[in-house]
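One structure below.
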Amino acid sequence: MITVAVLASFAVVMFGPAGMWLERSSWPRRAPRAAIVLWQAMGINGALAAIGAGLALAAEPLHRGIVSGVANIVGGAADRRSLPINGLYEACGLTLAAIAVAVLMAGMVNTTVRTILTRRRHRILLDLVAVRSQEAPGALLLRDPRATAYCLPGVRPRIVVSDGTLELLDQSELAAVVDHEWGHVHERHDLVMLPFSSLIEMLQWMPYTTRAPRSVAALLEMAADDYATRHHDRRVLASALVSMADTSLVPACAFAAGSKSIAVRVERLVSTQTNSRLSATLAIGAAGMLLAAPFMVVGLM
């Protein structure tokens, strides 16, 4: 039962207070990519721990470890062509593990299919109504007086700016905004965001599933800001972001230059503080420990 308790504790902590602590912390804005990795590691740790706790509970009556216990159950099922469930522990454990796997897979498949179809429809629409922009090479121009700039990610990504954007921004600001959107494309932020988005609808009751997508979305914008500032002045990008604060034209399936986290991002860009390598190193180290922890518990107990 010790293994079950330890793994269950991992799941409770990762999906509860750990996410609340990380969301409230200020250091992630100085190491956004590392903070995203830590968010991912917390989710993987919690998922593996929840599944492992169920399997450990099922293996408990056999007085064996998880690996040998599950192997015994699977072997018995192969021989009898039915699950050899002889007690409440085994039934509850296997049910818990199966539900955890089913929920995670169903959410991921559903979100992936829906996202692909939505982006495909929007891509077709853009190809019909947008034209190549002369002022922003590589981007599509949307004939609309309102200012907008966004990235439609995918295998065939689109960077979109509007007439209003061209009138609002000067050439240096426009180039910085376009590079910000290309940052989303080159770093494949759509794939990073997908697993977090898949949790929202099915597991809204968990603090992690509401806080992680919101926090990671903001951190991805900061990472794209960092990508753009490799070639553009930070204050130029900050000025452009303030001008692009209205995101009313941006589809839900896209990444926008303006976002709800724009105040924090502008403050970060104009600040004299730079990204912290120490924070990034510690976060990556913590992420590695979290990924290894469930396997260490299984191996030691």
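Residues in the structure tokens are numbered from 1 in each chain, the chains being A, B, ... in the order shown, and ligands are numbered from 1 in the order shown.
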Determine, counting only C-alpha atoms, which protein, DNA and RNA residues have an atom within 12 Å of an atom of Thr148 (chain A); residues of the same chain fewer than 5 positions away are not included. Present the result as a tab-separated table (two decimals) with N, CA and C atoms, in the first residue's frame.
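That gives us selection11.tsv:
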chain	number	residue	atom	x	y	z
A	140	LEU	N	0.28	37.11	-44.98
A	140	LEU	CA	-0.93	37.36	-45.76
A	140	LEU	C	-1.58	38.64	-45.26
A	141	LEU	N	-2.16	39.39	-46.19
A	141	LEU	CA	-2.81	40.64	-45.85
A	141	LEU	C	-4.33	40.45	-45.87
A	142	LEU	N	-4.95	40.79	-44.74
A	142	LEU	CA	-6.40	40.70	-44.61
A	142	LEU	C	-6.98	42.10	-44.77
A	143	ARG	N	-7.92	42.24	-45.70
A	143	ARG	CA	-8.51	43.55	-45.96
A	143	ARG	C	-9.52	43.90	-44.87
A	159	ILE	N	0.90	33.45	-41.57
A	159	ILE	CA	1.05	34.65	-40.77
A	159	ILE	C	0.13	35.69	-41.37
A	160	VAL	N	-0.74	36.28	-40.56
A	160	VAL	CA	-1.77	37.18	-41.07
A	160	VAL	C	-1.64	38.55	-40.43
A	161	VAL	N	-1.69	39.59	-41.26
A	161	VAL	CA	-1.78	40.97	-40.78
A	161	VAL	C	-2.92	41.64	-41.54
A	162	SER	N	-3.44	42.73	-40.99
A	162	SER	CA	-4.56	43.41	-41.63
A	162	SER	C	-4.15	44.79	-42.12
A	163	ASP	N	-5.03	45.41	-42.91
A	163	ASP	CA	-4.79	46.78	-43.35
A	163	ASP	C	-4.63	47.72	-42.16
A	164	GLY	N	-5.45	47.48	-41.14
A	164	GLY	CA	-5.37	48.31	-39.95
A	164	GLY	C	-4.02	48.23	-39.28
A	165	THR	N	-3.40	47.05	-39.32
A	165	THR	CA	-2.07	46.88	-38.73
A	165	THR	C	-1.03	47.68	-39.49
A	166	LEU	N	-1.10	47.65	-40.81
A	166	LEU	CA	-0.14	48.39	-41.63
A	166	LEU	C	-0.24	49.90	-41.39
A	167	GLU	N	-1.46	50.39	-41.15
A	167	GLU	CA	-1.64	51.81	-40.88
A	167	GLU	C	-1.19	52.19	-39.47
A	168	LEU	N	-1.35	51.25	-38.54
A	168	LEU	CA	-1.07	51.55	-37.13
A	168	LEU	C	0.41	51.49	-36.79
A	169	LEU	N	1.13	50.53	-37.37
A	169	LEU	CA	2.53	50.29	-36.99
A	169	LEU	C	3.49	50.87	-38.02
A	174	LEU	N	6.19	46.66	-37.31
A	174	LEU	CA	5.57	45.60	-38.10
A	174	LEU	C	6.50	44.40	-38.24
A	177	VAL	N	6.58	42.43	-34.99
A	177	VAL	CA	5.36	41.65	-34.77
A	177	VAL	C	5.34	40.41	-35.66
A	178	VAL	N	5.73	40.57	-36.91
A	178	VAL	CA	5.76	39.42	-37.83
A	178	VAL	C	6.76	38.37	-37.34
A	181	GLU	N	5.32	36.32	-34.60
A	181	GLU	CA	4.44	35.24	-35.10
A	181	GLU	C	5.25	34.09	-35.68
A	240	ALA	N	4.72	48.01	-30.18
A	240	ALA	CA	3.80	47.37	-31.13
A	240	ALA	C	2.73	46.55	-30.41
A	241	LEU	N	3.11	45.87	-29.33
A	241	LEU	CA	2.16	45.05	-28.59
A	241	LEU	C	1.07	45.90	-27.94
A	242	VAL	N	1.47	47.06	-27.42
A	242	VAL	CA	0.48	47.96	-26.84
A	242	VAL	C	-0.53	48.40	-27.90
A	243	SER	N	-0.04	48.69	-29.09
A	243	SER	CA	-0.92	49.10	-30.18
A	243	SER	C	-1.81	47.96	-30.65
A	244	MET	N	-1.32	46.72	-30.51
A	244	MET	CA	-2.06	45.55	-31.00
A	244	MET	C	-2.85	44.85	-29.90
A	245	ALA	N	-3.21	45.56	-28.86
A	245	ALA	CA	-3.85	44.93	-27.70
A	245	ALA	C	-5.22	44.33	-28.03
A	246	ASP	N	-5.91	44.87	-29.01
A	246	ASP	CA	-7.24	44.36	-29.38
A	246	ASP	C	-7.09	43.07	-30.17
A	247	THR	N	-7.69	41.96	-29.64
A	247	THR	CA	-7.58	40.66	-30.31
A	247	THR	C	-8.94	40.17	-30.82
A	248	SER	N	-9.86	41.09	-31.07
A	248	SER	CA	-11.22	40.71	-31.45
A	248	SER	C	-11.29	39.99	-32.78
A	249	LEU	N	-10.31	40.21	-33.65
A	249	LEU	CA	-10.33	39.57	-34.96
A	249	LEU	C	-9.63	38.22	-34.99
A	250	VAL	N	-9.02	37.83	-33.90
A	250	VAL	CA	-8.18	36.63	-33.88
A	250	VAL	C	-9.03	35.38	-33.64
A	251	PRO	N	-8.93	34.37	-34.51
A	251	PRO	CA	-9.67	33.12	-34.26
A	251	PRO	C	-9.09	32.37	-33.08
A	254	ALA	N	-5.74	30.29	-33.28
A	254	ALA	CA	-4.51	30.96	-33.69
A	254	ALA	C	-3.78	31.54	-32.50
A	255	PHE	N	-2.52	31.94	-32.74
A	255	PHE	CA	-1.72	32.67	-31.76
A	255	PHE	C	-1.69	34.13	-32.19
A	256	ALA	N	-2.03	35.04	-31.28
A	256	ALA	CA	-2.08	36.46	-31.62
A	256	ALA	C	-0.94	37.21	-30.97
A	257	ALA	N	-0.49	38.27	-31.65
A	257	ALA	CA	0.55	39.13	-31.07
A	257	ALA	C	0.04	39.79	-29.80
A	258	GLY	N	-1.20	40.29	-29.84
A	258	GLY	CA	-1.83	40.80	-28.64
A	258	GLY	C	-2.52	39.67	-27.91
A	259	SER	N	-2.56	39.75	-26.59
A	259	SER	CA	-3.20	38.70	-25.80
A	259	SER	C	-3.58	39.26	-24.45
Counting only C-alpha atoms, what is within 12 Å of Val101 (chain A), bar same-chain residues fewer than 6 positions away, as a PDB file with N, CA and C atoms, in the first residue's frame?
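Wrote it out as result.pdb, contents follow:
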ATOM      1  N   ALA A  47      -0.052  12.297 -14.381  1.00  0.00           N
ATOM      2  CA  ALA A  47      -0.739  11.265 -15.156  1.00  0.00           C
ATOM      3  C   ALA A  47      -0.137   9.888 -14.903  1.00  0.00           C
ATOM      4  N   LEU A  48       1.195   9.791 -14.954  1.00  0.00           N
ATOM      5  CA  LEU A  48       1.851   8.509 -14.696  1.00  0.00           C
ATOM      6  C   LEU A  48       1.589   8.025 -13.283  1.00  0.00           C
ATOM      7  N   ALA A  49       1.578   8.964 -12.325  1.00  0.00           N
ATOM      8  CA  ALA A  49       1.335   8.584 -10.932  1.00  0.00           C
ATOM      9  C   ALA A  49      -0.082   8.058 -10.738  1.00  0.00           C
ATOM     10  N   ALA A  50      -1.063   8.711 -11.388  1.00  0.00           N
ATOM     11  CA  ALA A  50      -2.451   8.263 -11.260  1.00  0.00           C
ATOM     12  C   ALA A  50      -2.632   6.869 -11.860  1.00  0.00           C
ATOM     13  N   ILE A  51      -2.053   6.667 -13.046  1.00  0.00           N
ATOM     14  CA  ILE A  51      -2.138   5.341 -13.676  1.00  0.00           C
ATOM     15  C   ILE A  51      -1.375   4.311 -12.845  1.00  0.00           C
ATOM     16  N   GLY A  52      -0.185   4.689 -12.393  1.00  0.00           N
ATOM     17  CA  GLY A  52       0.613   3.772 -11.592  1.00  0.00           C
ATOM     18  C   GLY A  52      -0.044   3.416 -10.278  1.00  0.00           C
ATOM     19  N   GLY A  54      -3.223   3.152  -9.718  1.00  0.00           N
ATOM     20  CA  GLY A  54      -4.247   2.148 -10.014  1.00  0.00           C
ATOM     21  C   GLY A  54      -3.657   0.766 -10.239  1.00  0.00           C
ATOM     22  N   LEU A  55      -2.565   0.718 -10.998  1.00  0.00           N
ATOM     23  CA  LEU A  55      -1.917  -0.566 -11.252  1.00  0.00           C
ATOM     24  C   LEU A  55      -1.315  -1.148  -9.979  1.00  0.00           C
ATOM     25  N   LEU A  94      -7.575  -1.571 -11.409  1.00  0.00           N
ATOM     26  CA  LEU A  94      -7.618  -1.636 -12.864  1.00  0.00           C
ATOM     27  C   LEU A  94      -8.608  -0.620 -13.435  1.00  0.00           C
ATOM     28  N   THR A  95      -9.722  -0.416 -12.746  1.00  0.00           N
ATOM     29  CA  THR A  95     -10.710   0.563 -13.194  1.00  0.00           C
ATOM     30  C   THR A  95     -10.122   1.969 -13.160  1.00  0.00           C
ATOM     31  N   GLY A 107      -9.440  12.808 -24.570  1.00  0.00           N
ATOM     32  CA  GLY A 107      -9.276  14.254 -24.629  1.00  0.00           C
ATOM     33  C   GLY A 107      -8.275  14.666 -25.686  1.00  0.00           C
ATOM     34  N   MET A 108      -7.167  13.954 -25.771  1.00  0.00           N
ATOM     35  CA  MET A 108      -6.126  14.290 -26.741  1.00  0.00           C
ATOM     36  C   MET A 108      -6.613  14.082 -28.171  1.00  0.00           C
TER      37      MET A 108
END
message: What's around Met289 (chain A) at 10 Å? Count only C-alpha atoms, leave out sequence neighbours fewer than 5 positions away in its own chain, and write the answer as a PyMOL selection string.
response: chain A and resi 41+45+283-284+294+296
field: strand (DSSP E or B) residues, from DSSP on the backbone, in region 117-195 of chain A, as number ranges by chain
entry: A: 131-132, 140-142, 149-152, 158-162
Kindly export the residues of the current selection with N, CA and C atoms, as a PDB file, in the first residue's frame.
ATOM      1  N   VAL A 131      -4.497  38.237 -49.359  1.00  0.00           N
ATOM      2  CA  VAL A 131      -3.509  38.355 -50.438  1.00  0.00           C
ATOM      3  C   VAL A 131      -2.121  38.464 -49.826  1.00  0.00           C
ATOM      4  N   ARG A 132      -1.109  38.259 -50.636  1.00  0.00           N
ATOM      5  CA  ARG A 132       0.263  38.382 -50.157  1.00  0.00           C
ATOM      6  C   ARG A 132       0.576  39.836 -49.819  1.00  0.00           C
ATOM      7  N   LEU A 140       0.277  37.108 -44.980  1.00  0.00           N
ATOM      8  CA  LEU A 140      -0.928  37.359 -45.760  1.00  0.00           C
ATOM      9  C   LEU A 140      -1.583  38.636 -45.262  1.00  0.00           C
ATOM     10  N   LEU A 141      -2.164  39.386 -46.194  1.00  0.00           N
ATOM     11  CA  LEU A 141      -2.815  40.642 -45.854  1.00  0.00           C
ATOM     12  C   LEU A 141      -4.329  40.454 -45.873  1.00  0.00           C
ATOM     13  N   LEU A 142      -4.948  40.794 -44.740  1.00  0.00           N
ATOM     14  CA  LEU A 142      -6.400  40.704 -44.607  1.00  0.00           C
ATOM     15  C   LEU A 142      -6.982  42.097 -44.770  1.00  0.00           C
ATOM     16  N   ALA A 149      -2.881  40.884 -35.966  1.00  0.00           N
ATOM     17  CA  ALA A 149      -1.750  40.095 -36.460  1.00  0.00           C
ATOM     18  C   ALA A 149      -1.764  38.779 -35.709  1.00  0.00           C
ATOM     19  N   TYR A 150      -1.766  37.679 -36.442  1.00  0.00           N
ATOM     20  CA  TYR A 150      -1.781  36.388 -35.776  1.00  0.00           C
ATOM     21  C   TYR A 150      -1.133  35.314 -36.639  1.00  0.00           C
ATOM     22  N   CYS A 151      -0.855  34.204 -35.983  1.00  0.00           N
ATOM     23  CA  CYS A 151      -0.262  33.045 -36.642  1.00  0.00           C
ATOM     24  C   CYS A 151      -1.253  31.904 -36.616  1.00  0.00           C
ATOM     25  N   LEU A 152      -1.530  31.338 -37.770  1.00  0.00           N
ATOM     26  CA  LEU A 152      -2.339  30.123 -37.848  1.00  0.00           C
ATOM     27  C   LEU A 152      -1.361  28.963 -38.020  1.00  0.00           C
ATOM     28  N   ARG A 158       0.240  29.998 -41.566  1.00  0.00           N
ATOM     29  CA  ARG A 158      -0.045  31.289 -42.184  1.00  0.00           C
ATOM     30  C   ARG A 158       0.209  32.389 -41.149  1.00  0.00           C
ATOM     31  N   ILE A 159       0.904  33.445 -41.569  1.00  0.00           N
ATOM     32  CA  ILE A 159       1.051  34.646 -40.768  1.00  0.00           C
ATOM     33  C   ILE A 159       0.127  35.688 -41.373  1.00  0.00           C
ATOM     34  N   VAL A 160      -0.736  36.285 -40.562  1.00  0.00           N
ATOM     35  CA  VAL A 160      -1.769  37.181 -41.075  1.00  0.00           C
ATOM     36  C   VAL A 160      -1.643  38.552 -40.433  1.00  0.00           C
ATOM     37  N   VAL A 161      -1.689  39.590 -41.257  1.00  0.00           N
ATOM     38  CA  VAL A 161      -1.780  40.967 -40.783  1.00  0.00           C
ATOM     39  C   VAL A 161      -2.919  41.635 -41.538  1.00  0.00           C
ATOM     40  N   SER A 162      -3.442  42.725 -40.990  1.00  0.00           N
ATOM     41  CA  SER A 162      -4.563  43.413 -41.625  1.00  0.00           C
ATOM     42  C   SER A 162      -4.151  44.789 -42.119  1.00  0.00           C
TER      43      SER A 162
END
message: For the structure I just gave you, how does DSSP split region 75-167 of chain A - specifically, which residues are helix (DSSP H, G or I)? Reply as a PyMOL selection string.
response: chain A and resi 75-80+88-129+163-167
Please produce an output containing N, CA and C atoms for each residue in the selection, written as a short mmCIF file (atom, residue, chain, number, x, y, z; two decimals), in the first residue's frame.
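This went into selection.cif:
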data_model
loop_
_atom_site.label_atom_id
_atom_site.label_comp_id
_atom_site.auth_asym_id
_atom_site.auth_seq_id
_atom_site.Cartn_x
_atom_site.Cartn_y
_atom_site.Cartn_z
N GLY A 75 -0.88 -11.88 -18.06
CA GLY A 75 -0.68 -13.28 -18.42
C GLY A 75 -1.91 -14.12 -18.13
N GLY A 76 -2.54 -13.85 -16.96
CA GLY A 76 -3.76 -14.58 -16.63
C GLY A 76 -4.88 -14.27 -17.58
N ALA A 77 -4.96 -13.01 -18.01
CA ALA A 77 -6.00 -12.63 -18.96
C ALA A 77 -5.78 -13.32 -20.30
N ALA A 78 -4.51 -13.46 -20.71
CA ALA A 78 -4.22 -14.12 -21.98
C ALA A 78 -4.57 -15.60 -21.93
N ASP A 79 -4.34 -16.21 -20.78
CA ASP A 79 -4.64 -17.64 -20.65
C ASP A 79 -6.14 -17.91 -20.57
N ARG A 80 -6.84 -17.07 -19.81
CA ARG A 80 -8.26 -17.31 -19.60
C ARG A 80 -9.16 -16.52 -20.55
N LEU A 88 -11.66 -6.84 -4.59
CA LEU A 88 -12.03 -5.44 -4.75
C LEU A 88 -10.84 -4.58 -5.14
N TYR A 89 -9.67 -4.86 -4.53
CA TYR A 89 -8.48 -4.07 -4.85
C TYR A 89 -8.15 -4.14 -6.34
N GLU A 90 -8.15 -5.35 -6.87
CA GLU A 90 -7.82 -5.50 -8.28
C GLU A 90 -8.82 -4.79 -9.18
N ALA A 91 -10.10 -4.92 -8.86
CA ALA A 91 -11.14 -4.28 -9.67
C ALA A 91 -11.02 -2.76 -9.61
N CYS A 92 -10.87 -2.23 -8.40
CA CYS A 92 -10.75 -0.77 -8.27
C CYS A 92 -9.48 -0.24 -8.93
N GLY A 93 -8.37 -0.94 -8.74
CA GLY A 93 -7.11 -0.51 -9.30
C GLY A 93 -7.12 -0.48 -10.81
N LEU A 94 -7.57 -1.57 -11.41
CA LEU A 94 -7.62 -1.64 -12.86
C LEU A 94 -8.61 -0.62 -13.43
N THR A 95 -9.72 -0.42 -12.75
CA THR A 95 -10.71 0.56 -13.19
C THR A 95 -10.12 1.97 -13.16
N LEU A 96 -9.41 2.31 -12.07
CA LEU A 96 -8.79 3.62 -11.95
C LEU A 96 -7.77 3.85 -13.06
N ALA A 97 -6.91 2.87 -13.30
CA ALA A 97 -5.89 3.01 -14.34
C ALA A 97 -6.54 3.13 -15.72
N ALA A 98 -7.56 2.33 -15.97
CA ALA A 98 -8.23 2.36 -17.28
C ALA A 98 -8.93 3.69 -17.51
N ILE A 99 -9.58 4.22 -16.48
CA ILE A 99 -10.27 5.50 -16.61
C ILE A 99 -9.26 6.63 -16.89
N ALA A 100 -8.15 6.61 -16.18
CA ALA A 100 -7.12 7.64 -16.37
C ALA A 100 -6.60 7.62 -17.80
N VAL A 101 -6.28 6.41 -18.31
CA VAL A 101 -5.78 6.29 -19.67
C VAL A 101 -6.84 6.72 -20.68
N ALA A 102 -8.08 6.26 -20.47
CA ALA A 102 -9.16 6.56 -21.42
C ALA A 102 -9.45 8.05 -21.48
N VAL A 103 -9.49 8.71 -20.33
CA VAL A 103 -9.79 10.15 -20.30
C VAL A 103 -8.69 10.94 -21.01
N LEU A 104 -7.44 10.61 -20.72
CA LEU A 104 -6.32 11.33 -21.34
C LEU A 104 -6.29 11.12 -22.85
N MET A 105 -6.48 9.88 -23.29
CA MET A 105 -6.45 9.59 -24.72
C MET A 105 -7.64 10.21 -25.44
N ALA A 106 -8.83 10.09 -24.84
CA ALA A 106 -10.03 10.65 -25.48
C ALA A 106 -9.92 12.16 -25.62
N GLY A 107 -9.44 12.81 -24.57
CA GLY A 107 -9.28 14.25 -24.63
C GLY A 107 -8.28 14.67 -25.69
N MET A 108 -7.17 13.95 -25.77
CA MET A 108 -6.13 14.29 -26.74
C MET A 108 -6.61 14.08 -28.17
N VAL A 109 -7.26 12.96 -28.43
CA VAL A 109 -7.76 12.66 -29.78
C VAL A 109 -8.82 13.67 -30.19
N ASN A 110 -9.76 13.94 -29.29
CA ASN A 110 -10.85 14.87 -29.59
C ASN A 110 -10.31 16.27 -29.90
N THR A 111 -9.41 16.74 -29.05
CA THR A 111 -8.86 18.09 -29.25
C THR A 111 -8.02 18.17 -30.51
N THR A 112 -7.23 17.13 -30.78
CA THR A 112 -6.38 17.13 -31.97
C THR A 112 -7.21 17.17 -33.25
N VAL A 113 -8.22 16.32 -33.34
CA VAL A 113 -9.06 16.27 -34.53
C VAL A 113 -9.80 17.59 -34.72
N ARG A 114 -10.38 18.10 -33.65
CA ARG A 114 -11.14 19.35 -33.75
C ARG A 114 -10.24 20.52 -34.13
N THR A 115 -9.04 20.56 -33.55
CA THR A 115 -8.12 21.65 -33.86
C THR A 115 -7.66 21.59 -35.31
N ILE A 116 -7.33 20.39 -35.79
CA ILE A 116 -6.91 20.24 -37.18
C ILE A 116 -8.01 20.69 -38.14
N LEU A 117 -9.25 20.28 -37.88
CA LEU A 117 -10.35 20.64 -38.77
C LEU A 117 -10.63 22.14 -38.73
N THR A 118 -10.57 22.73 -37.53
CA THR A 118 -10.83 24.17 -37.40
C THR A 118 -9.77 24.98 -38.13
N ARG A 119 -8.52 24.60 -37.95
CA ARG A 119 -7.43 25.32 -38.63
C ARG A 119 -7.49 25.11 -40.13
N ARG A 120 -7.89 23.94 -40.55
CA ARG A 120 -8.00 23.68 -41.99
C ARG A 120 -9.07 24.58 -42.61
N ARG A 121 -10.21 24.71 -41.94
CA ARG A 121 -11.28 25.57 -42.46
C ARG A 121 -10.82 27.03 -42.51
N HIS A 122 -10.14 27.45 -41.49
CA HIS A 122 -9.68 28.84 -41.47
C HIS A 122 -8.58 29.07 -42.52
N ARG A 123 -7.74 28.08 -42.74
CA ARG A 123 -6.69 28.19 -43.75
C ARG A 123 -7.31 28.33 -45.15
N ILE A 124 -8.34 27.55 -45.43
CA ILE A 124 -9.03 27.64 -46.71
C ILE A 124 -9.66 29.02 -46.89
N LEU A 125 -10.26 29.53 -45.80
CA LEU A 125 -10.88 30.85 -45.86
C LEU A 125 -9.83 31.93 -46.13
N LEU A 126 -8.68 31.84 -45.46
CA LEU A 126 -7.62 32.82 -45.68
C LEU A 126 -7.12 32.79 -47.12
N ASP A 127 -7.00 31.59 -47.66
CA ASP A 127 -6.52 31.47 -49.04
C ASP A 127 -7.49 32.12 -50.03
N LEU A 128 -8.75 32.22 -49.63
CA LEU A 128 -9.76 32.82 -50.51
C LEU A 128 -9.81 34.35 -50.38
N VAL A 129 -9.66 34.87 -49.15
CA VAL A 129 -9.92 36.30 -48.94
C VAL A 129 -8.65 37.12 -48.73
N ASP A 163 -5.03 45.41 -42.91
CA ASP A 163 -4.79 46.78 -43.35
C ASP A 163 -4.63 47.72 -42.16
N GLY A 164 -5.45 47.48 -41.14
CA GLY A 164 -5.37 48.31 -39.95
C GLY A 164 -4.02 48.23 -39.28
N THR A 165 -3.40 47.05 -39.32
CA THR A 165 -2.07 46.88 -38.73
C THR A 165 -1.03 47.68 -39.49
N LEU A 166 -1.10 47.65 -40.81
CA LEU A 166 -0.14 48.39 -41.63
C LEU A 166 -0.24 49.90 -41.39
N GLU A 167 -1.46 50.39 -41.15
CA GLU A 167 -1.64 51.81 -40.88
C GLU A 167 -1.19 52.19 -39.47
#
